[in-house]
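Okay, coords01.cif now, which holds mmCIF, C-alpha atoms:
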```
data_model
#
loop_
_atom_site.group_PDB
_atom_site.id
_atom_site.type_symbol
_atom_site.label_atom_id
_atom_site.label_comp_id
_atom_site.auth_asym_id
_atom_site.auth_seq_id
_atom_site.Cartn_x
_atom_site.Cartn_y
_atom_site.Cartn_z
ATOM 1 C CA PHE K 144 -72.029 -3.687 3.059
ATOM 2 C CA ASN K 145 -70.072 -2.800 -0.067
ATOM 3 C CA LYS K 146 -66.610 -2.342 1.310
ATOM 4 C CA LYS K 147 -63.913 -4.673 0.045
ATOM 5 C CA MET K 148 -62.386 -6.955 2.637
ATOM 6 C CA ILE K 149 -59.528 -9.283 3.300
ATOM 7 C CA ILE K 150 -59.692 -11.306 6.523
ATOM 8 C CA VAL K 151 -56.742 -13.296 7.756
ATOM 9 C CA ARG K 152 -56.814 -16.033 10.368
ATOM 10 C CA LEU K 153 -54.119 -15.449 12.966
ATOM 11 C CA LYS K 154 -52.578 -18.446 14.688
ATOM 12 C CA GLY K 155 -49.333 -19.367 16.438
ATOM 13 C CA GLY K 156 -46.933 -17.072 18.228
ATOM 14 C CA LEU K 157 -45.772 -13.555 17.430
ATOM 15 C CA GLY K 158 -43.580 -14.549 14.456
ATOM 16 C CA ASN K 159 -46.361 -16.487 12.757
ATOM 17 C CA GLN K 160 -48.818 -13.655 13.360
ATOM 18 C CA LEU K 161 -46.389 -11.211 11.719
ATOM 19 C CA PHE K 162 -46.088 -13.380 8.579
ATOM 20 C CA GLN K 163 -49.889 -13.679 8.402
ATOM 21 C CA TYR K 164 -50.410 -9.949 8.877
ATOM 22 C CA ALA K 165 -47.699 -8.933 6.390
ATOM 23 C CA THR K 166 -49.057 -11.215 3.644
ATOM 24 C CA ALA K 167 -52.678 -10.188 4.160
ATOM 25 C CA ARG K 168 -51.637 -6.528 4.389
ATOM 26 C CA HIS K 169 -50.015 -6.802 0.955
ATOM 27 C CA LEU K 170 -53.060 -8.542 -0.535
ATOM 28 C CA ALA K 171 -55.339 -5.849 0.942
ATOM 29 C CA HIS K 172 -53.007 -3.196 -0.496
ATOM 30 C CA LEU K 173 -53.160 -4.809 -3.976
ATOM 31 C CA ASN K 174 -56.953 -5.068 -3.783
ATOM 32 C CA ASN K 175 -57.433 -1.666 -2.187
ATOM 33 C CA SER K 176 -59.380 -3.491 0.543
ATOM 34 C CA GLU K 177 -59.811 -3.142 4.260
ATOM 35 C CA LEU K 178 -57.971 -5.671 6.397
ATOM 36 C CA PHE K 179 -59.574 -7.610 9.240
ATOM 37 C CA LEU K 180 -57.959 -10.053 11.665
ATOM 38 C CA ASP K 181 -59.650 -13.244 12.823
ATOM 39 C CA THR K 182 -58.319 -13.742 16.371
ATOM 40 C CA SER K 183 -60.757 -16.529 17.322
ATOM 41 C CA TYR K 184 -57.914 -19.099 17.367
ATOM 42 C CA PHE K 185 -56.716 -17.594 20.655
ATOM 43 C CA ASP K 186 -60.067 -18.150 22.366
ATOM 44 C CA PHE K 187 -59.482 -21.901 22.738
ATOM 45 C CA LYS K 188 -56.886 -22.125 25.448
ATOM 46 C CA ALA K 189 -57.232 -25.770 26.401
ATOM 47 C CA ASP K 190 -55.260 -27.381 23.599
ATOM 48 C CA ARG K 191 -52.904 -24.502 22.820
ATOM 49 C CA PRO K 192 -49.598 -23.399 24.324
ATOM 50 C CA ALA K 193 -49.499 -19.947 25.881
ATOM 51 C CA TRP K 194 -50.034 -18.179 22.590
ATOM 52 C CA LYS K 195 -52.082 -15.037 22.525
ATOM 53 C CA TYR K 196 -52.913 -12.237 20.139
ATOM 54 C CA GLU K 197 -49.749 -10.110 20.020
ATOM 55 C CA LEU K 198 -50.236 -7.665 17.151
ATOM 56 C CA GLY K 199 -52.205 -5.172 19.243
ATOM 57 C CA ALA K 200 -48.853 -3.906 20.538
ATOM 58 C CA PHE K 201 -47.861 -2.758 17.022
ATOM 59 C CA ASN K 202 -48.972 0.209 14.917
ATOM 60 C CA ILE K 203 -50.829 -2.010 12.454
ATOM 61 C CA LYS K 204 -53.576 -0.992 10.020
ATOM 62 C CA ALA K 205 -56.294 -3.578 10.597
ATOM 63 C CA GLU K 206 -59.455 -4.172 12.615
ATOM 64 C CA ILE K 207 -60.409 -7.252 14.607
ATOM 65 C CA ALA K 208 -63.141 -9.121 12.686
ATOM 66 C CA GLU K 209 -66.420 -9.321 14.576
ATOM 67 C CA GLU K 210 -68.256 -12.591 14.988
ATOM 68 C CA GLN K 211 -70.942 -11.759 12.438
ATOM 69 C CA LEU K 212 -68.382 -11.020 9.762
ATOM 70 C CA LEU K 213 -66.683 -14.367 10.392
ATOM 71 C CA LYS K 214 -70.065 -16.103 10.146
ATOM 72 C CA ASP K 215 -70.709 -14.423 6.786
ATOM 73 C CA PHE K 216 -67.475 -15.918 5.495
ATOM 74 C CA HIS K 217 -68.092 -19.350 7.107
ATOM 75 C CA ALA K 218 -64.648 -18.615 8.525
ATOM 76 C CA GLY K 219 -62.288 -21.336 9.580
ATOM 77 C CA LYS K 220 -64.395 -24.219 8.227
ATOM 78 C CA TYR K 221 -63.183 -25.751 4.997
ATOM 79 C CA SER K 222 -65.018 -28.484 3.145
ATOM 80 C CA GLY K 223 -62.997 -31.059 1.213
ATOM 81 C CA THR K 224 -63.700 -29.394 -2.113
ATOM 82 C CA GLU K 225 -62.778 -25.954 -0.835
ATOM 83 C CA LYS K 226 -59.408 -27.205 0.310
ATOM 84 C CA LEU K 227 -58.757 -28.424 -3.214
ATOM 85 C CA ILE K 228 -60.189 -25.597 -5.231
ATOM 86 C CA SER K 229 -60.717 -22.843 -2.717
ATOM 87 C CA LYS K 230 -59.666 -20.318 -5.311
ATOM 88 C CA ILE K 231 -62.767 -21.024 -7.382
ATOM 89 C CA VAL K 232 -65.486 -21.907 -4.881
ATOM 90 C CA PRO K 233 -67.141 -18.662 -3.859
ATOM 91 C CA PHE K 234 -69.592 -18.505 -0.996
ATOM 92 C CA HIS K 235 -71.824 -16.014 -2.825
ATOM 93 C CA LYS K 236 -69.601 -12.890 -2.612
ATOM 94 C CA TYR K 237 -67.290 -14.291 0.080
ATOM 95 C CA LYS K 238 -64.431 -16.581 -0.811
ATOM 96 C CA LYS K 239 -61.816 -18.462 1.167
ATOM 97 C CA TYR K 240 -58.274 -19.495 0.455
ATOM 98 C CA LYS K 241 -56.206 -21.886 2.516
ATOM 99 C CA TYR K 242 -52.544 -22.594 1.918
ATOM 100 C CA GLU K 243 -50.775 -24.841 4.384
ATOM 101 C CA GLY K 244 -47.653 -25.463 2.323
ATOM 102 C CA PHE K 245 -44.162 -24.142 2.820
ATOM 103 C CA GLY K 246 -42.589 -21.349 0.864
ATOM 104 C CA TYR K 247 -43.951 -18.880 -1.628
ATOM 105 C CA ASN K 248 -47.169 -19.524 -3.523
ATOM 106 C CA GLU K 249 -47.773 -16.741 -6.042
ATOM 107 C CA GLN K 250 -51.505 -17.563 -6.284
ATOM 108 C CA VAL K 251 -52.043 -15.919 -2.908
ATOM 109 C CA LEU K 252 -51.275 -12.435 -4.228
ATOM 110 C CA GLU K 253 -53.451 -12.967 -7.313
ATOM 111 C CA LEU K 254 -56.672 -13.341 -5.299
ATOM 112 C CA LYS K 255 -59.298 -10.746 -6.181
ATOM 113 C CA GLY K 256 -62.412 -9.840 -4.209
ATOM 114 C CA ASN K 257 -63.446 -10.504 -0.611
ATOM 115 C CA TYR K 258 -61.245 -13.261 0.807
ATOM 116 C CA TYR K 259 -60.739 -15.094 4.041
ATOM 117 C CA LEU K 260 -57.107 -16.296 4.167
ATOM 118 C CA SER K 261 -55.649 -19.104 6.221
ATOM 119 C CA GLY K 262 -52.041 -20.293 6.243
ATOM 120 C CA TYR K 263 -48.549 -19.584 7.538
ATOM 121 C CA PHE K 264 -47.158 -17.686 4.512
ATOM 122 C CA GLN K 265 -43.529 -17.996 5.555
ATOM 123 C CA SER K 266 -41.662 -16.222 2.773
ATOM 124 C CA HIS K 267 -40.406 -12.656 2.420
ATOM 125 C CA LYS K 268 -41.730 -12.662 -1.163
ATOM 126 C CA TYR K 269 -45.321 -12.336 0.047
ATOM 127 C CA PHE K 270 -44.715 -8.773 1.192
ATOM 128 C CA LYS K 271 -41.400 -7.567 -0.232
ATOM 129 C CA PRO K 272 -43.077 -4.851 -2.390
ATOM 130 C CA ILE K 273 -44.568 -3.191 0.723
ATOM 131 C CA THR K 274 -41.405 -3.364 2.841
ATOM 132 C CA ASP K 275 -41.499 0.381 3.577
ATOM 133 C CA ILE K 276 -45.135 0.277 4.705
ATOM 134 C CA LEU K 277 -44.459 -2.708 6.993
ATOM 135 C CA LYS K 278 -41.350 -1.171 8.529
ATOM 136 C CA GLU K 279 -43.560 1.723 9.638
ATOM 137 C CA GLU K 280 -46.516 -0.340 10.828
ATOM 138 C CA LEU K 281 -44.550 -3.084 12.566
ATOM 139 C CA THR K 282 -43.131 -0.711 15.123
ATOM 140 C CA LEU K 283 -44.126 -1.126 18.748
ATOM 141 C CA LYS K 284 -46.543 1.337 20.303
ATOM 142 C CA GLU K 285 -44.843 3.650 22.765
ATOM 143 C CA GLU K 286 -46.066 1.843 25.890
ATOM 144 C CA TYR K 287 -44.509 -1.466 24.792
ATOM 145 C CA ILE K 288 -41.038 -0.160 24.004
ATOM 146 C CA PRO K 289 -38.622 -1.178 26.778
ATOM 147 C CA LYS K 290 -37.250 1.789 28.654
ATOM 148 C CA ALA K 291 -33.636 2.582 27.859
ATOM 149 C CA ASN K 292 -31.456 0.228 29.860
ATOM 150 C CA GLU K 293 -27.830 -0.808 29.992
ATOM 151 C CA TRP K 294 -28.426 -3.664 27.545
ATOM 152 C CA LEU K 295 -30.183 -1.499 25.020
ATOM 153 C CA ASP K 296 -27.460 1.158 25.180
ATOM 154 C CA ASP K 297 -24.801 -1.512 24.626
ATOM 155 C CA MET K 298 -26.747 -3.038 21.755
ATOM 156 C CA LYS K 299 -26.903 0.315 20.024
ATOM 157 C CA ASN K 300 -23.337 1.416 20.785
ATOM 158 C CA LYS K 301 -21.294 -1.776 20.592
ATOM 159 C CA LEU K 302 -20.676 -4.159 17.711
ATOM 160 C CA SER K 303 -23.636 -6.223 18.899
ATOM 161 C CA VAL K 304 -24.946 -9.562 17.644
ATOM 162 C CA ALA K 305 -28.240 -11.043 18.866
ATOM 163 C CA VAL K 306 -28.149 -14.840 19.177
ATOM 164 C CA HIS K 307 -31.523 -16.576 19.541
ATOM 165 C CA ILE K 308 -31.367 -20.028 21.160
ATOM 166 C CA ARG K 309 -34.852 -21.476 21.266
ATOM 167 C CA ARG K 310 -35.387 -24.714 23.132
ATOM 168 C CA CYS K 311 -38.099 -24.920 25.750
ATOM 169 C CA ASP K 312 -41.323 -24.872 23.778
ATOM 170 C CA TYR K 313 -39.797 -27.130 21.093
ATOM 171 C CA ILE K 314 -38.600 -29.648 23.702
ATOM 172 C CA ARG K 315 -41.762 -29.626 25.788
ATOM 173 C CA ASN K 316 -43.954 -30.164 22.781
ATOM 174 C CA LEU K 317 -42.976 -33.409 21.043
ATOM 175 C CA SER K 318 -44.908 -32.767 17.851
ATOM 176 C CA SER K 319 -43.161 -29.386 17.649
ATOM 177 C CA MET K 320 -39.838 -31.053 18.192
ATOM 178 C CA GLU K 321 -40.475 -33.601 15.446
ATOM 179 C CA ALA K 322 -41.570 -30.948 13.014
ATOM 180 C CA HIS K 323 -39.041 -28.242 13.728
ATOM 181 C CA GLY K 324 -35.992 -29.897 15.208
ATOM 182 C CA LEU K 325 -33.577 -27.914 17.330
ATOM 183 C CA CYS K 326 -30.681 -25.871 16.053
ATOM 184 C CA SER K 327 -27.619 -27.836 17.119
ATOM 185 C CA LYS K 328 -24.871 -26.731 19.449
ATOM 186 C CA ASP K 329 -22.666 -27.035 16.393
ATOM 187 C CA TYR K 330 -24.757 -24.476 14.476
ATOM 188 C CA TYR K 331 -24.180 -21.848 17.160
ATOM 189 C CA ALA K 332 -20.463 -22.651 17.578
ATOM 190 C CA LYS K 333 -19.940 -22.479 13.805
ATOM 191 C CA THR K 334 -21.901 -19.269 13.253
ATOM 192 C CA ILE K 335 -20.250 -17.491 16.186
ATOM 193 C CA GLU K 336 -16.798 -18.355 14.796
ATOM 194 C CA PHE K 337 -17.907 -17.134 11.371
ATOM 195 C CA VAL K 338 -19.133 -13.816 12.800
ATOM 196 C CA LYS K 339 -15.894 -13.305 14.724
ATOM 197 C CA ARG K 340 -13.898 -13.889 11.541
ATOM 198 C CA GLU K 341 -16.064 -11.490 9.543
ATOM 199 C CA LEU K 342 -16.551 -8.714 12.089
ATOM 200 C CA GLY K 343 -13.512 -8.991 14.354
ATOM 201 C CA GLU K 344 -12.867 -10.027 17.932
ATOM 202 C CA GLU K 345 -14.526 -7.007 19.520
ATOM 203 C CA VAL K 346 -17.989 -8.348 18.699
ATOM 204 C CA HIS K 347 -20.333 -8.569 21.694
ATOM 205 C CA PHE K 348 -22.915 -11.363 21.616
ATOM 206 C CA PHE K 349 -26.281 -10.931 23.324
ATOM 207 C CA LEU K 350 -27.816 -14.335 24.027
ATOM 208 C CA PHE K 351 -31.605 -14.567 23.990
ATOM 209 C CA THR K 352 -32.917 -17.905 25.184
ATOM 210 C CA ASP K 353 -35.776 -19.641 26.955
ATOM 211 C CA ASP K 354 -33.316 -22.131 28.461
ATOM 212 C CA ALA K 355 -30.519 -20.191 30.168
ATOM 213 C CA GLU K 356 -29.530 -23.203 32.235
ATOM 214 C CA TRP K 357 -28.757 -25.282 29.143
ATOM 215 C CA VAL K 358 -26.847 -22.424 27.511
ATOM 216 C CA ASN K 359 -24.724 -21.867 30.635
ATOM 217 C CA ARG K 360 -23.997 -25.564 30.883
ATOM 218 C CA GLU K 361 -23.387 -26.406 27.218
ATOM 219 C CA MET K 362 -22.080 -23.276 25.589
ATOM 220 C CA GLU K 363 -18.478 -22.933 26.643
ATOM 221 C CA TRP K 364 -17.509 -20.259 24.184
ATOM 222 C CA ASP K 365 -14.626 -17.879 24.411
ATOM 223 C CA ILE K 366 -16.643 -14.787 23.555
ATOM 224 C CA ASN K 367 -17.788 -11.469 24.999
ATOM 225 C CA SER K 368 -21.394 -12.193 25.792
ATOM 226 C CA THR K 369 -24.362 -11.110 27.857
ATOM 227 C CA MET K 370 -27.337 -13.303 28.700
ATOM 228 C CA VAL K 371 -30.469 -11.214 28.196
ATOM 229 C CA GLN K 372 -33.300 -12.158 30.525
ATOM 230 C CA GLY K 373 -36.011 -9.970 29.090
ATOM 231 C CA LYS K 374 -39.176 -9.041 30.918
ATOM 232 C CA SER K 375 -41.456 -10.091 28.091
ATOM 233 C CA ILE K 376 -41.675 -11.490 24.576
ATOM 234 C CA LEU K 377 -42.067 -7.979 23.210
ATOM 235 C CA SER K 378 -39.067 -6.533 25.029
ATOM 236 C CA ASP K 379 -36.883 -9.438 23.848
ATOM 237 C CA PHE K 380 -38.161 -8.908 20.316
ATOM 238 C CA TYR K 381 -37.431 -5.189 20.423
ATOM 239 C CA MET K 382 -33.950 -5.689 21.827
ATOM 240 C CA MET K 383 -33.086 -8.399 19.293
ATOM 241 C CA SER K 384 -34.006 -6.098 16.447
ATOM 242 C CA ASN K 385 -31.876 -3.323 17.979
ATOM 243 C CA CYS K 386 -28.666 -5.335 17.796
ATOM 244 C CA LYS K 387 -26.467 -4.607 14.773
ATOM 245 C CA HIS K 388 -26.495 -8.223 13.518
ATOM 246 C CA ASN K 389 -28.507 -11.416 14.156
ATOM 247 C CA ILE K 390 -27.895 -15.138 14.423
ATOM 248 C CA ILE K 391 -31.389 -16.592 14.336
ATOM 249 C CA ALA K 392 -32.888 -19.948 15.277
ATOM 250 C CA ASN K 393 -35.350 -21.877 13.078
ATOM 251 C CA SER K 394 -37.929 -19.558 14.554
ATOM 252 C CA THR K 395 -40.266 -17.025 12.975
ATOM 253 C CA PHE K 396 -39.795 -14.911 16.126
ATOM 254 C CA SER K 397 -36.089 -14.297 15.527
ATOM 255 C CA TRP K 398 -36.669 -14.166 11.741
ATOM 256 C CA TRP K 399 -38.868 -11.107 12.219
ATOM 257 C CA ALA K 400 -36.564 -9.462 14.752
ATOM 258 C CA ALA K 401 -33.833 -9.795 12.090
ATOM 259 C CA TRP K 402 -36.054 -8.580 9.235
ATOM 260 C CA LEU K 403 -37.055 -5.496 11.240
ATOM 261 C CA ASN K 404 -33.461 -4.755 12.274
ATOM 262 C CA PRO K 405 -32.892 -1.282 10.756
ATOM 263 C CA ASN K 406 -29.095 -1.592 10.345
ATOM 264 C CA PRO K 407 -28.428 -1.227 6.584
ATOM 265 C CA ASP K 408 -25.238 -3.308 6.891
ATOM 266 C CA LYS K 409 -26.691 -6.069 9.044
ATOM 267 C CA MET K 410 -25.398 -9.612 8.787
ATOM 268 C CA ILE K 411 -28.159 -12.167 9.318
ATOM 269 C CA ILE K 412 -27.329 -15.850 9.727
ATOM 270 C CA VAL K 413 -29.999 -18.526 9.303
ATOM 271 C CA PRO K 414 -29.892 -22.305 9.928
ATOM 272 C CA LYS K 415 -29.882 -24.416 6.772
ATOM 273 C CA HIS K 416 -32.868 -26.496 7.894
ATOM 274 C CA TRP K 417 -35.977 -24.504 8.703
ATOM 275 C CA ASP K 418 -37.851 -27.647 9.697
ATOM 276 C CA ASN K 419 -36.582 -31.190 10.001
ATOM 277 C CA ASN K 420 -37.370 -32.018 6.381
ATOM 278 C CA VAL K 421 -37.357 -28.529 4.938
ATOM 279 C CA LYS K 422 -34.241 -26.819 3.642
ATOM 280 C CA THR K 423 -34.267 -23.072 4.186
ATOM 281 C CA GLU K 424 -32.940 -22.274 0.721
ATOM 282 C CA GLU K 425 -35.735 -24.229 -0.976
ATOM 283 C CA ILE K 426 -38.647 -22.252 0.442
ATOM 284 C CA ASP K 427 -37.880 -18.618 -0.514
ATOM 285 C CA LEU K 428 -37.925 -17.838 3.172
ATOM 286 C CA CYS K 429 -35.249 -15.176 3.391
ATOM 287 C CA PRO K 430 -33.960 -12.115 1.564
ATOM 288 C CA THR K 431 -30.992 -12.979 -0.652
ATOM 289 C CA LYS K 432 -28.405 -11.180 1.475
ATOM 290 C CA TRP K 433 -29.055 -13.397 4.477
ATOM 291 C CA ILE K 434 -26.433 -16.099 5.018
ATOM 292 C CA ILE K 435 -27.537 -19.736 5.349
ATOM 293 C CA LYS K 436 -25.203 -21.837 7.527
#
```
Would you put the structure from the file into structure tokens?
Amino acid sequence: FNKKMIIVRLKGGLGNQLFQYATARHLAHLNNSELFLDTSYFDFKADRPAWKYELGAFNIKAEIAEEQLLKDFHAGKYSGTEKLISKIVPFHKYKKYKYEGFGYNEQVLELKGNYYLSGYFQSHKYFKPITDILKEELTLKEEYIPKANEWLDDMKNKLSVAVHIRRCDYIRNLSSMEAHGLCSKDYYAKTIEFVKRELGEEVHFFLFTDDAEWVNREMEWDINSTMVQGKSILSDFYMMSNCKHNIIANSTFSWWAAWLNPNPDKMIIVPKHWDNNVKTEEIDLCPTKWIIK
């Protein structure tokens, strides 16, 4: 049992899982270790929204951790002292590190040895050095790629901008709403005007939302737009990342669609508050070229 290992606890939706994978993948790369994914979070359906393990659809380099391996690491359970000094408290040869804070914490990438990681790791700095590796691995497997359709052709051929308007799960879940807040109508109006000024009037906006009714009622914009009613989370994600530019919500889902957008000249616009009390610019969330509005 001498192989070196990094295990990461996956939790949340697709965007969160991508941050957790990307960070752990970089740590495994630095340590020349194998990477394992703890997917046990998704086994407890009762108190969770409809989140499920999503990374199996991507060409990732990791195995699912088996139960015995998780037991060896005492996975998921943190004593009070471990939370405080989890960098120093080894469980014989297995160690754990939990970071629940926002932004970039350089300690994470300094960990050496067999580690079980838990956290959200929402910053591009955790994995910037392995950007090329991730752009290869975070591609969808063939069977998950939406078949060419009119939307996709337009996204690739027109001056397309994906606009992500996320409402339903934030509104339905009050604790979510208090933590995250919603991007205001004003944010979208302002960013759309900005994009039109920068890119010209022939821009075509593709609206991705979980609340089409609200968008149709509230968003009276004078723009060329198409409401995209995707068949699945993965097809929406793929289509968003195939637009030329992105206006994202305070959502890791649209963050990743924008990050994986291959257009070298892409314009990415981000809301200035990532959470209600968290300013986007203060948490090293985004690459420097992204525009905070």
Which residues fall under the PyMOL selection byres ((chain K and resi 259) around 9) in this file, as a JSON list (two decimals) with C-alpha atoms, keeping the file's coordinate frame?
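And here is the file that came out, part-v6.json:
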```json
[["chain", "number", "residue", "atom", "x", "y", "z"],
["K", 148, "MET", "CA", -62.39, -6.96, 2.64],
["K", 149, "ILE", "CA", -59.53, -9.28, 3.30],
["K", 150, "ILE", "CA", -59.69, -11.31, 6.52],
["K", 151, "VAL", "CA", -56.74, -13.30, 7.76],
["K", 152, "ARG", "CA", -56.81, -16.03, 10.37],
["K", 213, "LEU", "CA", -66.68, -14.37, 10.39],
["K", 216, "PHE", "CA", -67.47, -15.92, 5.50],
["K", 218, "ALA", "CA", -64.65, -18.61, 8.52],
["K", 219, "GLY", "CA", -62.29, -21.34, 9.58],
["K", 237, "TYR", "CA", -67.29, -14.29, 0.08],
["K", 238, "LYS", "CA", -64.43, -16.58, -0.81],
["K", 239, "LYS", "CA", -61.82, -18.46, 1.17],
["K", 240, "TYR", "CA", -58.27, -19.50, 0.46],
["K", 241, "LYS", "CA", -56.21, -21.89, 2.52],
["K", 257, "ASN", "CA", -63.45, -10.50, -0.61],
["K", 258, "TYR", "CA", -61.24, -13.26, 0.81],
["K", 260, "LEU", "CA", -57.11, -16.30, 4.17],
["K", 261, "SER", "CA", -55.65, -19.10, 6.22]]
```
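Here the PyMOL selection byres ((chain K and resi 432) around 10) matches the residues Lys409, Met410, Ile411, Ile412, Cys429, Pro430, Thr431, Trp433, Ile434 and Ile435 of chain K.
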Can I get the selected residues back with C-alpha atoms, as a CSV table (one decimal), keeping the file's coordinate frame?
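Output file result.csv is given in full below:
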```csv
chain,number,residue,atom,x,y,z
K,409,LYS,CA,-26.7,-6.1,9.0
K,410,MET,CA,-25.4,-9.6,8.8
K,411,ILE,CA,-28.2,-12.2,9.3
K,412,ILE,CA,-27.3,-15.8,9.7
K,429,CYS,CA,-35.2,-15.2,3.4
K,430,PRO,CA,-34.0,-12.1,1.6
K,431,THR,CA,-31.0,-13.0,-0.7
K,433,TRP,CA,-29.1,-13.4,4.5
K,434,ILE,CA,-26.4,-16.1,5.0
K,435,ILE,CA,-27.5,-19.7,5.3
```
Item to complete: Record the distance separating CA of Leu428 (chain K) and CA of Leu295 (chain K), expressed in Å with one decimal.
Response: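 Straight-line distance from CA of Leu428 (chain K) to CA of Leu295 (chain K) works out to 28.4 Å.
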Discussion item. When the PyMOL selection byres ((chain K and resi 398-405) around 6) is applied to the structure above, which residues does it catch, written out as a VMD selection string?
Written reply: chain K and resid 380 383 to 384 389 395 to 397 406
Per-residue nearest contacts region 239-348 of chain K to region 364-372 of chain K, cut-off 8 Å, using only C-alpha atoms, as a Markdown table:
```
| residue | atom | partner | partner_atom | distance |
| --- | --- | --- | --- | --- |
| K:Trp294 | CA | K:Val371 | CA | 7.8 |
| K:Ala332 | CA | K:Trp364 | CA | 7.6 |
| K:Glu345 | CA | K:Asn367 | CA | 7.8 |
| K:Val346 | CA | K:Asn367 | CA | 7.0 |
| K:His347 | CA | K:Asn367 | CA | 5.1 |
| K:Phe348 | CA | K:Ser368 | CA | 4.5 |
```
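Closest approach to Asn175 (chain K) from the set K:His388, K:Phe201, K:Gly256, K:Val306 is made by K:Gly256, with distances taken over only C-alpha atoms.
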Practice prompt. Have a look at K:Glu209, K:Asp181, K:Asp408, K:Glu253 and name the one nearest to Leu342 (chain K); count only C-alpha atoms.
Written response: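 Result for the nearest residue to Leu342 (chain K): K:Asp408.
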Fill in: Close residues, region 274-288 of chain K itself excluded, 8 Å, all atoms listed in the file, min 4 positions apart in chain, as a ChimeraX atom specification
/K:165,200-204,270,377-378,381,403
Practice prompt. For Trp194 (chain K), please output as a list in words all residues within 9 Å (counting only C-alpha atoms; exclusion window: fewer than 4 positions along the same chain).
Written response: Lys154, Gly155, Gly156, Leu157, Phe185 and Lys188 of chain K
Item to complete: Work out how far apart CA of Leu252 (chain K) and CA of Asn159 (chain K) are and give it in Å to one decimal.
Response: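 Going from CA of Leu252 (chain K) over to CA of Asn159 (chain K), I get 18.1 Å.
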Worksheet item: Expressed in Å to a single decimal, how great is the separation between CA of Arg168 (chain K) and CA of Tyr269 (chain K)?
Response: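 So the two atoms, CA of Arg168 (chain K) and CA of Tyr269 (chain K), lie 9.6 Å apart.
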Item to complete: Pick out the closest residue to Gln160 (chain K) from this set: K:Asn300, K:Ser327, K:Thr182, K:Gln250. Count only C-alpha atoms.
Response: K:Thr182
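Residues lying within 9 Å of Lys333 (chain K), counting all atoms listed in the file and ignoring same-chain neighbours fewer than 5 positions away, are Lys328, Val338 and Lys436 of chain K.
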Go ahead and write the selection's residues with C-alpha atoms as an mmCIF file, keeping the file's coordinate frame.
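Wrote out-v7.cif, looks like this:
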```
data_model
loop_
_atom_site.group_PDB
_atom_site.id
_atom_site.type_symbol
_atom_site.label_atom_id
_atom_site.label_comp_id
_atom_site.auth_asym_id
_atom_site.auth_seq_id
_atom_site.Cartn_x
_atom_site.Cartn_y
_atom_site.Cartn_z
ATOM 1 C CA LYS K 328 -24.871 -26.731 19.449
ATOM 2 C CA VAL K 338 -19.133 -13.816 12.800
ATOM 3 C CA LYS K 436 -25.203 -21.837 7.527
#
```
Item to complete: Check the smallest atom-to-atom distance from each of K:Ile308, K:Ile376, K:Ala193, K:Leu254 to Asn359 (chain K) using all atoms listed in the file, then report the winner.
Response: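 Between K:Ile308, K:Ile376, K:Ala193, K:Leu254, the residue approaching Asn359 (chain K) most closely is K:Ile308.
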Response to the item:
From the list K:Glu177, K:Asp353, K:Asp418, K:Glu243, the nearest residue to Ala205 (chain K) using all atoms listed in the file is K:Glu177
Item to complete: Find the residue from K:Leu212, K:Ala392, K:Leu173, K:Leu161 that sits nearest to Tyr330 (chain K); use only C-alpha atoms when measuring.
Response: K:Ala392
Return the padded bounding box of region 363-367 of chain K as AutoDock Vina command-line options: axis-aligned, built from all atoms listed in the file, 3 Å added on each side, with centre and edge lengths in Å to one decimal.
```
--center_x -16.6 --center_y -17.2 --center_z 25.1 --size_x 9.9 --size_y 17.5 --size_z 9.1
```
Show me as a PDB file with C-alpha atoms, keeping the file's coordinate frame the residues that reach within 12 Å of (-33.7, -25.0, 4.2), counting all atoms listed in the file and using the file's own coordinates.
```pdb
ATOM      1  CA  PHE K 245     -44.162 -24.142   2.820  1.00  0.00           C
ATOM      2  CA  GLY K 246     -42.589 -21.349   0.864  1.00  0.00           C
ATOM      3  CA  SER K 266     -41.662 -16.222   2.773  1.00  0.00           C
ATOM      4  CA  HIS K 323     -39.041 -28.242  13.728  1.00  0.00           C
ATOM      5  CA  ASN K 393     -35.350 -21.877  13.078  1.00  0.00           C
ATOM      6  CA  VAL K 413     -29.999 -18.526   9.303  1.00  0.00           C
ATOM      7  CA  PRO K 414     -29.892 -22.305   9.928  1.00  0.00           C
ATOM      8  CA  LYS K 415     -29.882 -24.416   6.772  1.00  0.00           C
ATOM      9  CA  HIS K 416     -32.868 -26.496   7.894  1.00  0.00           C
ATOM     10  CA  TRP K 417     -35.977 -24.504   8.703  1.00  0.00           C
ATOM     11  CA  ASP K 418     -37.851 -27.647   9.697  1.00  0.00           C
ATOM     12  CA  ASN K 419     -36.582 -31.190  10.001  1.00  0.00           C
ATOM     13  CA  ASN K 420     -37.370 -32.018   6.381  1.00  0.00           C
ATOM     14  CA  VAL K 421     -37.357 -28.529   4.938  1.00  0.00           C
ATOM     15  CA  LYS K 422     -34.241 -26.819   3.642  1.00  0.00           C
ATOM     16  CA  THR K 423     -34.267 -23.072   4.186  1.00  0.00           C
ATOM     17  CA  GLU K 424     -32.940 -22.274   0.721  1.00  0.00           C
ATOM     18  CA  GLU K 425     -35.735 -24.229  -0.976  1.00  0.00           C
ATOM     19  CA  ILE K 426     -38.647 -22.252   0.442  1.00  0.00           C
ATOM     20  CA  ASP K 427     -37.880 -18.618  -0.514  1.00  0.00           C
ATOM     21  CA  LEU K 428     -37.925 -17.838   3.172  1.00  0.00           C
ATOM     22  CA  CYS K 429     -35.249 -15.176   3.391  1.00  0.00           C
ATOM     23  CA  ILE K 434     -26.433 -16.099   5.018  1.00  0.00           C
ATOM     24  CA  ILE K 435     -27.537 -19.736   5.349  1.00  0.00           C
ATOM     25  CA  LYS K 436     -25.203 -21.837   7.527  1.00  0.00           C
TER      26      LYS K 436
END
```
